[in-house]
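Colleague: First the structure, which I've put down as structure tokens, then a few questions once you've had a look.
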Number of protein chains: 2
Amino acid sequence: MKKLINAPDDVVLDALQGVQAAYPDRVRVNYEPRYVVRADAPVSGKVGLVSGGGSGHEPMHGGFVGPGMLDAACPGEVFTSPTPDQMQAATQAVSGGAGVLHIVKNYTGDVMNFDMAADLTRADGVEVESVVTNDDVAVEDSLYTAGRRGVGITVILEKICGGAAEDRRSLQEVAELGRRVNANGRSMGMALTPCITPGSGQPSFELADDEVEIGIGIHGEPGRFREKIGPASQIAERLLTPIVEDLPFSSGDRVLAFVNGMGGTPEIELYVLYNEVGKLLHERGVQIERNLIGSYITSLEMQGCSITLLKLDEEMTRYWDAPVNTPGLRWGV
Amino acid sequence: MKKLINAPDDVVLDALQGVQAAYPDRVRVNYEPRYVVRADAPVSGKVGLVSGGGSGHEPMHGGFVGPGMLDAACPGEVFTSPTPDQMQAATQAVSGGAGVLHIVKNYTGDVMNFDMAADLTRADGVEVESVVTNDDVAVEDSLYTAGRRGVGITVILEKICGGAAEDRRSLQEVAELGRRVNANGRSMGMALTPCITPGSGQPSFELADDEVEIGIGIHGEPGRFREKIGPASQIAERLLTPIVEDLPFSSGDRVLAFVNGMGGTPEIELYVLYNEVGKLLHERGVQIERNLIGSYITSLEMQGCSITLLKLDEEMTRYWDAPVNTPGLRWGV
């Protein structure tokens with residue numbers, strides 16, 4: 001295992017110290033328990049947005065803390081759920097009187113711990129709602145999940161709900177919008193290579209030199225099938241067809257298309273893939289109105305990609321376009 | 001070789017089509033000869049900025065085309081210099097009457113071809129200046145270079161000169177500023193793994209399972225030495241000491257610190273490294289005033305990092321902070 005780390009047990013703490021050193025004006029890192037929070041939290045009268053999950057998926061979620069997106073993010077150890085006390089403390093830290101929304105990817109540990117944190121925080125008199133994302137069409141049930149896994153739509157949802165919260169929409173409105181984004185979003189991923197968690201030192205799975213896994217999860221959970229690697233056009237088709245047919249996305253739909261790198265994927269390959277995605281959607285009469293291309297929800301150094309489509313409505317588009325100022329996504333400011 | 005591509009010969013063209021499909025409102029891709037140019041070029045009365053180089057280093061340079069940064073970028077094949085006709089056509093396309101600045105990394109092919117393009121364009125009546133970057137302290141002379149290689153400072157220089165050009169500074173002023181940035185910038189990189197160019201299908205070099213190469217070039221050119229991998233604190237020290245001692249950077253200096261991923265490096269590791277860089281600079285009394293953390297000058301899927309320091313003055317800081325709107329760097333708009 002070769003990594004730019006000091007010791008496997010210190011990775012998350014060292015990286016959090018790096019985040020604090022990098023953006024002292026924008027975020028504050030709380031170490032006991034661990035969460036990253038907007039420097040100006042709590043924002044009075046604004047719904048607070050809290051997300052979190054295992055580390056190793058950066059910039060998600062800590063890189064999305066800032067005006068126009070998350071108020072706080074709770075990092076677990078690598079590929080490990082954060083604990084309820086982190087979530088509870090983060091929720092209290094961002095509570096500005098208008099309630100707090102938990103944005104939770106559908107993994108058993110995350111869901112259970114956020115539920116517990118919500119109960120604890122409600123007992124303290126803070127109104128808490130939750131949105132659970134489950135956009136991965138690859139498989140029903142998985143290694144760490146009952147039902148579908150939550151993946152790429154989480155990034156998009158955090159941005160759109162962040163815009164709505166900044167616009168001082170109510171907790172019920174922001175939660176309803178988040179559920180609509182999840183309901184209209186679908187994703188699927190694939191891997192060229194596994195990744196190695198610092199703790200294990202071993203690849204998360206094995207793939208032959210000419211083989212890819214279609215439908216992979218962001219922790220290396222099994223996908224739908226393996227096959228010999230084909231051209232990017234074939235990979236795009238393998239991911240896009242199940243996505244499009246699941247919602248389904250239909251001719252005339254306007255979408256946000258998100259082509260995501262898994263962490264070790266060269267950017268030039270993401271543009272090759274985006275080009276194929278564009279051609280396939282054009283053939284189906286689906287119109288790309290917005291896009292996001294880059295590595296935003298990753299699996300350490302895994303090579304591969306995922307595609308997320310969101311069927312847009314006017315409100316989603318408006319809040320997607322709204323200003324955001326985070327380390328990971330920034331525009332309008 | 002496993003890559004998200006259609007065919008090795010088509011990678012650059014396919015990716016350019018992806019760029020055109022992604023940002024039709026912001027950039028235009030010219031295919032014969034190949035360059036990426038601001039959609040609104042030429043901008044009347046503004047110095048035009050043109051850069052370019054081999055592909056495989058994305059987002060550099062095509063991802064830095066847009067208001068506040070480059071007017072055009074010429075992509076060569078992977079790790080191969082673009083040709084003079086590309087540079088000449090791009091220069092003419094961005095000529096708005098105030099002259100054009102070529103930003104050239106110090107590789108023999110790039111320098112020779114940009115020189116030729118400058119001569120050809122001058123013959124057409126366009127005033128052309130050049131800035132050559134050579135910030136890599138690792139080695140004198142290299143596989144494709146006489147003198148030092150141009151690396152990370154190029155990204156910073158393109159941003160700072162872009163701000164100055166947007167501010168309608170003259171060609172001489174922008175060129176002088178660019179030379180000052182290069183003169184005050186130093187970099188060094190390292191690799192955990194090689195990369196594989198699509199054309200060769202073979203790793204650019206071999207490294208043992210527990211070995212790193214310190215001082216690597218962005219095309220896998222040999223560095224200073226190899227050693228067994230140590231902790232991130234040691235890697236930071238290996239890169240930072242030669243950088244600091246070369247200029248030298250001294251106590252009281254205010255710097256921009258750029259921690260760059262080589263393309264296959266997880267973001268969490270860049271923050272671990274940034275934390276170590278911050279500690280080492282703090283010990284030396286060097287103050288980080290600005291930073292940039294991410295994968296901006298890459299070598300396909302190579303795992304590793306580079307560090308760039310720029311000793312800032314007031315003018316550099318002002319133009320670094322100025323608005324920029326490119327796919328790769330965006331703020332203030």
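Scheme for the structure tokens: letters A, B, ... for chains in order shown; per-chain residue numbers from 1; ligand numbers from 1 in order shown.
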Pull out every residue of chain A that has at least one atom within 6 Å of chain B, counting only C-alpha atoms, and report them as a PyMOL selection string.
Modeller: chain A and resi 4-6+14-15+18+58+231-232+263-264+266-269+271-272+274-275+300-301+331-333
Colleague: Grab the residues selected above and save them as a PDB file, in the first residue's frame with C-alpha atoms.
Modeller:
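For reference, again15.pdb as written:
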ATOM      1  CA  LEU A   4       0.298  10.034   1.089  1.00  0.00           C
ATOM      2  CA  ILE A   5      -0.539   9.483   4.752  1.00  0.00           C
ATOM      3  CA  ASN A   6       1.264   9.392   8.063  1.00  0.00           C
ATOM      4  CA  ASP A  14      -4.735  14.717   9.638  1.00  0.00           C
ATOM      5  CA  ALA A  15      -6.972  15.546   6.681  1.00  0.00           C
ATOM      6  CA  GLY A  18      -5.543  20.189   6.653  1.00  0.00           C
ATOM      7  CA  GLU A  58     -13.985  13.507  -0.745  1.00  0.00           C
ATOM      8  CA  PRO A 231     -14.921   1.328 -25.527  1.00  0.00           C
ATOM      9  CA  ALA A 232     -16.205   4.354 -23.605  1.00  0.00           C
ATOM     10  CA  GLY A 263     -11.053   9.377  -7.441  1.00  0.00           C
ATOM     11  CA  GLY A 264      -8.303   7.893  -9.606  1.00  0.00           C
ATOM     12  CA  PRO A 266      -8.038  11.176 -15.268  1.00  0.00           C
ATOM     13  CA  GLU A 267     -10.175  14.164 -16.160  1.00  0.00           C
ATOM     14  CA  ILE A 268      -9.593  13.642 -19.891  1.00  0.00           C
ATOM     15  CA  GLU A 269     -11.460  10.323 -19.619  1.00  0.00           C
ATOM     16  CA  TYR A 271     -14.809  14.282 -20.967  1.00  0.00           C
ATOM     17  CA  VAL A 272     -14.586  11.311 -23.344  1.00  0.00           C
ATOM     18  CA  TYR A 274     -19.445  12.921 -21.153  1.00  0.00           C
ATOM     19  CA  ASN A 275     -19.322  13.111 -24.935  1.00  0.00           C
ATOM     20  CA  LEU A 300     -10.203   6.850  -2.617  1.00  0.00           C
ATOM     21  CA  GLU A 301      -7.989   6.035  -5.640  1.00  0.00           C
ATOM     22  CA  TRP A 331     -19.818  29.793  -8.230  1.00  0.00           C
ATOM     23  CA  GLY A 332     -21.609  33.094  -8.053  1.00  0.00           C
ATOM     24  CA  VAL A 333     -19.351  34.376  -5.258  1.00  0.00           C
TER      25      VAL A 333
END
Colleague: Using DSSP secondary structure from the backbone, list all alpha helix (DSSP H) positions within segment 106-264 of chain B, as a PyMOL selection string.
Modeller: chain B and resi 108-123+153-166+171-183+232-246
Colleague: Write down as a list of chain:residue names the residues belonging to segment 291-321 of chain A that are assigned strand (DSSP E or B) by DSSP computed on the backbone.
Modeller: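 Here is the list: A:Asn291, A:Leu292, A:Ile293, A:Gly294, A:Gly304, A:Cys305, A:Ser306, A:Ile307, A:Thr308, A:Leu309, A:Leu310, A:Lys311.
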Colleague: For segment 214-223 of chain A, list every protein, DNA or RNA residue within 8 Å, evaluated using only C-alpha atoms, and leave out those in the same chain fewer than 2 positions away; present the list as a tab-separated table (two decimals) with all heavy atoms, in the first residue's frame.
Modeller:
chain	number	residue	atom	x	y	z
A	57	HIS	N	-14.55	9.58	0.43
A	57	HIS	CA	-15.38	9.96	-0.71
A	57	HIS	C	-15.20	11.43	-1.07
A	57	HIS	O	-16.04	12.00	-1.76
A	57	HIS	CB	-16.86	9.70	-0.41
A	57	HIS	CG	-17.16	8.30	0.03
A	57	HIS	ND1	-16.89	7.22	-0.75
A	57	HIS	CD2	-17.70	7.80	1.18
A	57	HIS	CE1	-17.27	6.10	-0.11
A	57	HIS	NE2	-17.75	6.43	1.06
A	79	PHE	N	-14.69	4.81	4.97
A	79	PHE	CA	-15.77	3.87	4.61
A	79	PHE	C	-16.53	3.36	5.84
A	79	PHE	O	-17.05	2.24	5.83
A	79	PHE	CB	-15.21	2.68	3.81
A	79	PHE	CG	-14.70	3.03	2.43
A	79	PHE	CD1	-14.69	4.33	1.97
A	79	PHE	CD2	-14.21	2.03	1.58
A	79	PHE	CE1	-14.22	4.65	0.69
A	79	PHE	CE2	-13.74	2.33	0.31
A	79	PHE	CZ	-13.74	3.63	-0.15
A	138	ALA	N	-28.20	0.17	-9.67
A	138	ALA	CA	-27.47	-1.06	-10.00
A	138	ALA	C	-28.07	-2.29	-9.34
A	138	ALA	O	-28.32	-3.30	-10.02
A	138	ALA	CB	-26.00	-0.91	-9.60
A	139	VAL	N	-28.27	-2.22	-8.03
A	139	VAL	CA	-28.75	-3.42	-7.32
A	139	VAL	C	-29.75	-3.03	-6.23
A	139	VAL	O	-29.70	-1.93	-5.68
A	139	VAL	CB	-27.58	-4.19	-6.64
A	139	VAL	CG1	-26.66	-4.81	-7.69
A	139	VAL	CG2	-26.79	-3.29	-5.72
A	142	SER	N	-27.57	-4.52	-0.76
A	142	SER	CA	-26.14	-4.57	-1.06
A	142	SER	C	-25.41	-4.88	0.23
A	142	SER	O	-26.02	-5.17	1.26
A	142	SER	CB	-25.71	-3.23	-1.66
A	142	SER	OG	-24.37	-3.27	-2.10
A	143	LEU	N	-24.10	-4.78	0.18
A	143	LEU	CA	-23.28	-5.19	1.31
A	143	LEU	C	-23.65	-4.43	2.58
A	143	LEU	O	-23.69	-5.00	3.67
A	143	LEU	CB	-21.81	-4.95	0.94
A	143	LEU	CG	-20.75	-5.80	1.59
A	143	LEU	CD1	-21.07	-7.28	1.49
A	143	LEU	CD2	-19.40	-5.52	0.90
A	149	ARG	N	-28.64	1.83	-2.87
A	149	ARG	CA	-27.60	2.67	-2.26
A	149	ARG	C	-27.80	4.14	-2.65
A	149	ARG	O	-28.30	4.46	-3.73
A	149	ARG	CB	-26.22	2.20	-2.75
A	149	ARG	CG	-25.94	0.74	-2.41
A	149	ARG	CD	-24.63	0.23	-3.00
A	149	ARG	NE	-24.63	0.22	-4.45
A	149	ARG	CZ	-24.09	-0.76	-5.20
A	149	ARG	NH1	-23.51	-1.82	-4.62
A	149	ARG	NH2	-24.11	-0.69	-6.51
A	151	VAL	N	-25.99	7.48	-3.81
A	151	VAL	CA	-24.70	7.86	-4.42
A	151	VAL	C	-24.77	9.28	-4.98
A	151	VAL	O	-25.02	10.22	-4.23
A	151	VAL	CB	-24.24	6.80	-5.45
A	151	VAL	CG1	-23.73	5.53	-4.75
A	151	VAL	CG2	-25.33	6.43	-6.44
A	188	MET	N	-25.67	5.24	-11.69
A	188	MET	CA	-25.03	3.93	-11.73
A	188	MET	C	-23.54	4.16	-11.97
A	188	MET	O	-23.13	5.08	-12.66
A	188	MET	CB	-25.64	3.04	-12.80
A	188	MET	CG	-25.21	1.59	-12.70
A	188	MET	SD	-26.45	0.48	-13.46
A	188	MET	CE	-25.39	-0.77	-14.15
A	189	GLY	N	-22.71	3.29	-11.38
A	189	GLY	CA	-21.26	3.44	-11.46
A	189	GLY	C	-20.57	2.20	-11.97
A	189	GLY	O	-21.19	1.13	-12.11
A	190	MET	N	-19.30	2.34	-12.27
A	190	MET	CA	-18.48	1.21	-12.70
A	190	MET	C	-17.04	1.43	-12.26
A	190	MET	O	-16.63	2.56	-11.99
A	190	MET	CB	-18.56	1.01	-14.21
A	190	MET	CG	-18.09	2.16	-15.07
A	190	MET	SD	-16.30	2.30	-15.28
A	190	MET	CE	-15.97	0.76	-16.14
A	191	ALA	N	-16.30	0.34	-12.19
A	191	ALA	CA	-14.90	0.43	-11.76
A	191	ALA	C	-13.97	-0.25	-12.75
A	191	ALA	O	-14.29	-1.32	-13.30
A	191	ALA	CB	-14.73	-0.21	-10.39
A	194	PRO	N	-9.96	-1.54	-8.21
A	194	PRO	CA	-10.45	-1.40	-6.84
A	194	PRO	C	-9.71	-0.26	-6.14
A	194	PRO	O	-8.84	0.39	-6.73
A	194	PRO	CB	-10.06	-2.73	-6.20
A	194	PRO	CG	-8.82	-3.14	-6.92
A	194	PRO	CD	-8.98	-2.63	-8.33
A	195	CYS	N	-10.04	-0.01	-4.89
A	195	CYS	CA	-9.23	0.90	-4.08
A	195	CYS	C	-8.78	0.14	-2.84
A	195	CYS	O	-9.23	-0.98	-2.58
A	195	CYS	CB	-10.02	2.14	-3.69
A	195	CYS	SG	-11.47	1.80	-2.67
A	204	SER	N	-10.07	-3.66	-2.29
A	204	SER	CA	-11.44	-3.95	-1.84
A	204	SER	C	-12.05	-5.11	-2.63
A	204	SER	O	-13.03	-5.71	-2.19
A	204	SER	CB	-12.30	-2.70	-1.97
A	204	SER	OG	-12.13	-2.12	-3.25
A	205	PHE	N	-11.51	-5.41	-3.80
A	205	PHE	CA	-11.94	-6.57	-4.59
A	205	PHE	C	-10.87	-6.79	-5.65
A	205	PHE	O	-9.93	-6.00	-5.77
A	205	PHE	CB	-13.32	-6.36	-5.22
A	205	PHE	CG	-13.42	-5.11	-6.06
A	205	PHE	CD1	-13.13	-5.11	-7.41
A	205	PHE	CD2	-13.81	-3.91	-5.47
A	205	PHE	CE1	-13.23	-3.95	-8.17
A	205	PHE	CE2	-13.91	-2.73	-6.22
A	205	PHE	CZ	-13.61	-2.76	-7.57
A	212	VAL	N	-13.85	-5.05	-16.20
A	212	VAL	CA	-14.46	-3.95	-15.44
A	212	VAL	C	-15.66	-4.49	-14.68
A	212	VAL	O	-16.21	-5.54	-15.04
A	212	VAL	CB	-14.90	-2.80	-16.37
A	212	VAL	CG1	-13.71	-2.22	-17.12
A	212	VAL	CG2	-15.98	-3.25	-17.35
A	225	PHE	N	-22.57	-7.01	-12.90
A	225	PHE	CA	-21.80	-8.03	-13.62
A	225	PHE	C	-20.41	-7.49	-13.94
A	225	PHE	O	-20.16	-6.28	-13.85
A	225	PHE	CB	-22.51	-8.47	-14.90
A	225	PHE	CG	-22.77	-7.37	-15.89
A	225	PHE	CD1	-21.83	-7.05	-16.87
A	225	PHE	CD2	-23.95	-6.64	-15.85
A	225	PHE	CE1	-22.07	-6.03	-17.78
A	225	PHE	CE2	-24.20	-5.61	-16.76
A	225	PHE	CZ	-23.25	-5.31	-17.72
A	226	ARG	N	-19.54	-8.41	-14.32
A	226	ARG	CA	-18.22	-8.06	-14.82
A	226	ARG	C	-18.15	-8.43	-16.29
A	226	ARG	O	-18.81	-9.36	-16.73
A	226	ARG	CB	-17.14	-8.82	-14.05
A	226	ARG	CG	-17.08	-8.38	-12.61
A	226	ARG	CD	-16.08	-9.16	-11.82
A	226	ARG	NE	-16.00	-8.58	-10.49
A	226	ARG	CZ	-15.00	-8.80	-9.63
A	226	ARG	NH1	-14.01	-9.61	-9.97
A	226	ARG	NH2	-15.01	-8.23	-8.44
A	227	GLU	N	-17.33	-7.67	-17.02
A	227	GLU	CA	-17.14	-8.02	-18.43
A	227	GLU	C	-15.79	-7.47	-18.88
A	227	GLU	O	-15.17	-6.67	-18.18
A	227	GLU	CB	-18.25	-7.41	-19.28
A	227	GLU	CG	-18.30	-5.89	-19.28
A	227	GLU	CD	-19.38	-5.33	-20.20
A	227	GLU	OE1	-20.01	-6.11	-20.92
A	227	GLU	OE2	-19.57	-4.10	-20.19
A	238	ARG	N	-23.85	1.01	-21.03
A	238	ARG	CA	-24.10	0.07	-19.92
A	238	ARG	C	-24.65	0.78	-18.68
A	238	ARG	O	-25.46	0.22	-17.94
A	238	ARG	CB	-22.79	-0.62	-19.52
A	238	ARG	CG	-22.26	-1.60	-20.52
A	238	ARG	CD	-22.98	-2.93	-20.44
A	238	ARG	NE	-22.25	-3.95	-21.17
A	238	ARG	CZ	-22.45	-4.25	-22.46
A	238	ARG	NH1	-23.37	-3.61	-23.16
A	238	ARG	NH2	-21.72	-5.19	-23.05
A	239	LEU	N	-24.17	2.00	-18.43
A	239	LEU	CA	-24.63	2.73	-17.24
A	239	LEU	C	-25.92	3.50	-17.52
A	239	LEU	O	-26.81	3.58	-16.67
A	239	LEU	CB	-23.54	3.71	-16.78
A	239	LEU	CG	-22.18	3.10	-16.40
A	239	LEU	CD1	-21.23	4.19	-15.95
A	239	LEU	CD2	-22.33	2.04	-15.31
A	262	MET	N	-14.24	8.43	-9.99
A	262	MET	CA	-14.22	7.68	-8.73
A	262	MET	C	-13.02	8.04	-7.83
A	262	MET	O	-12.88	7.47	-6.75
A	262	MET	CB	-14.21	6.19	-9.00
A	262	MET	CG	-15.54	5.65	-9.49
A	262	MET	SD	-16.85	5.80	-8.23
A	262	MET	CE	-18.08	4.68	-8.91
A	298	THR	N	-16.24	10.09	-4.43
A	298	THR	CA	-15.13	9.24	-4.85
A	298	THR	C	-14.97	8.04	-3.92
A	298	THR	O	-15.63	7.93	-2.88
A	298	THR	CB	-13.82	10.06	-4.85
A	298	THR	OG1	-13.56	10.49	-3.50
A	298	THR	CG2	-13.91	11.26	-5.76
A	299	SER	N	-14.11	7.14	-4.31
A	299	SER	CA	-13.78	5.96	-3.53
A	299	SER	C	-12.26	5.86	-3.48
A	299	SER	O	-11.66	5.01	-4.14
A	299	SER	CB	-14.36	4.71	-4.20
A	299	SER	OG	-15.74	4.83	-4.34
Colleague: List as a ChimeraX atom specification the protein and nucleic acid residues near segment 25-37 of chain A, meaning an atom at most 10 Å away when only C-alpha atoms are counted, but skip any in the same chain fewer than 5 places from it.
Modeller: /A:12-13,16-20,42,50-52,61-67,70-76,82-91,93-94,325-327
Colleague: For a test of reading the model, state the distance in Å between atom CA of Val100 of chain A and atom CA of Glu127 of chain A, rounded to one decimal.
Modeller: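 Between atom CA of Val100 of chain A and atom CA of Glu127 of chain A the gap works out to 6.3 Å.
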Colleague: Give the answer as one residue: which of A:Asn134, A:Ser81, A:Thr317, A:Gln287 has the shortest atom-to-atom distance to Phe114 of chain A, using only C-alpha atoms?
Modeller: A:Ser81
Colleague: Of the candidates A:Ile156, A:Leu309, A:Ala183, A:Ala208, which one gets nearest to Phe249 of chain A if we count only C-alpha atoms?
Modeller: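 Result for the nearest residue to Phe249 of chain A: A:Leu309.
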Colleague: Using only C-alpha atoms, which residues sit within 12 Å of Arg180 of chain B once same-chain residues fewer than 6 positions away are excluded, as a count of residues only?
Modeller: 18
Colleague: What is the distance between atom CA of Ala165 of chain B and atom CA of Leu247 of chain B, in Å to one decimal?
Modeller: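 Separation between atom CA of Ala165 of chain B and atom CA of Leu247 of chain B: 26.7 Å.
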Colleague: Grab the atom CA of Leu120 of chain B to atom CA of Gln92 of chain B distance for me, in Å with one decimal place.
Modeller: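 Atom-to-atom, atom CA of Leu120 of chain B and atom CA of Gln92 of chain B are spaced 10.2 Å apart.
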Colleague: Quick one: residues within 10 Å of Gly45 of chain B, only C-alpha atoms counted, chain neighbours fewer than 6 positions away excluded, as an NGL selection string?
Modeller: :B and (95-99 or 165-166 or 168-170)
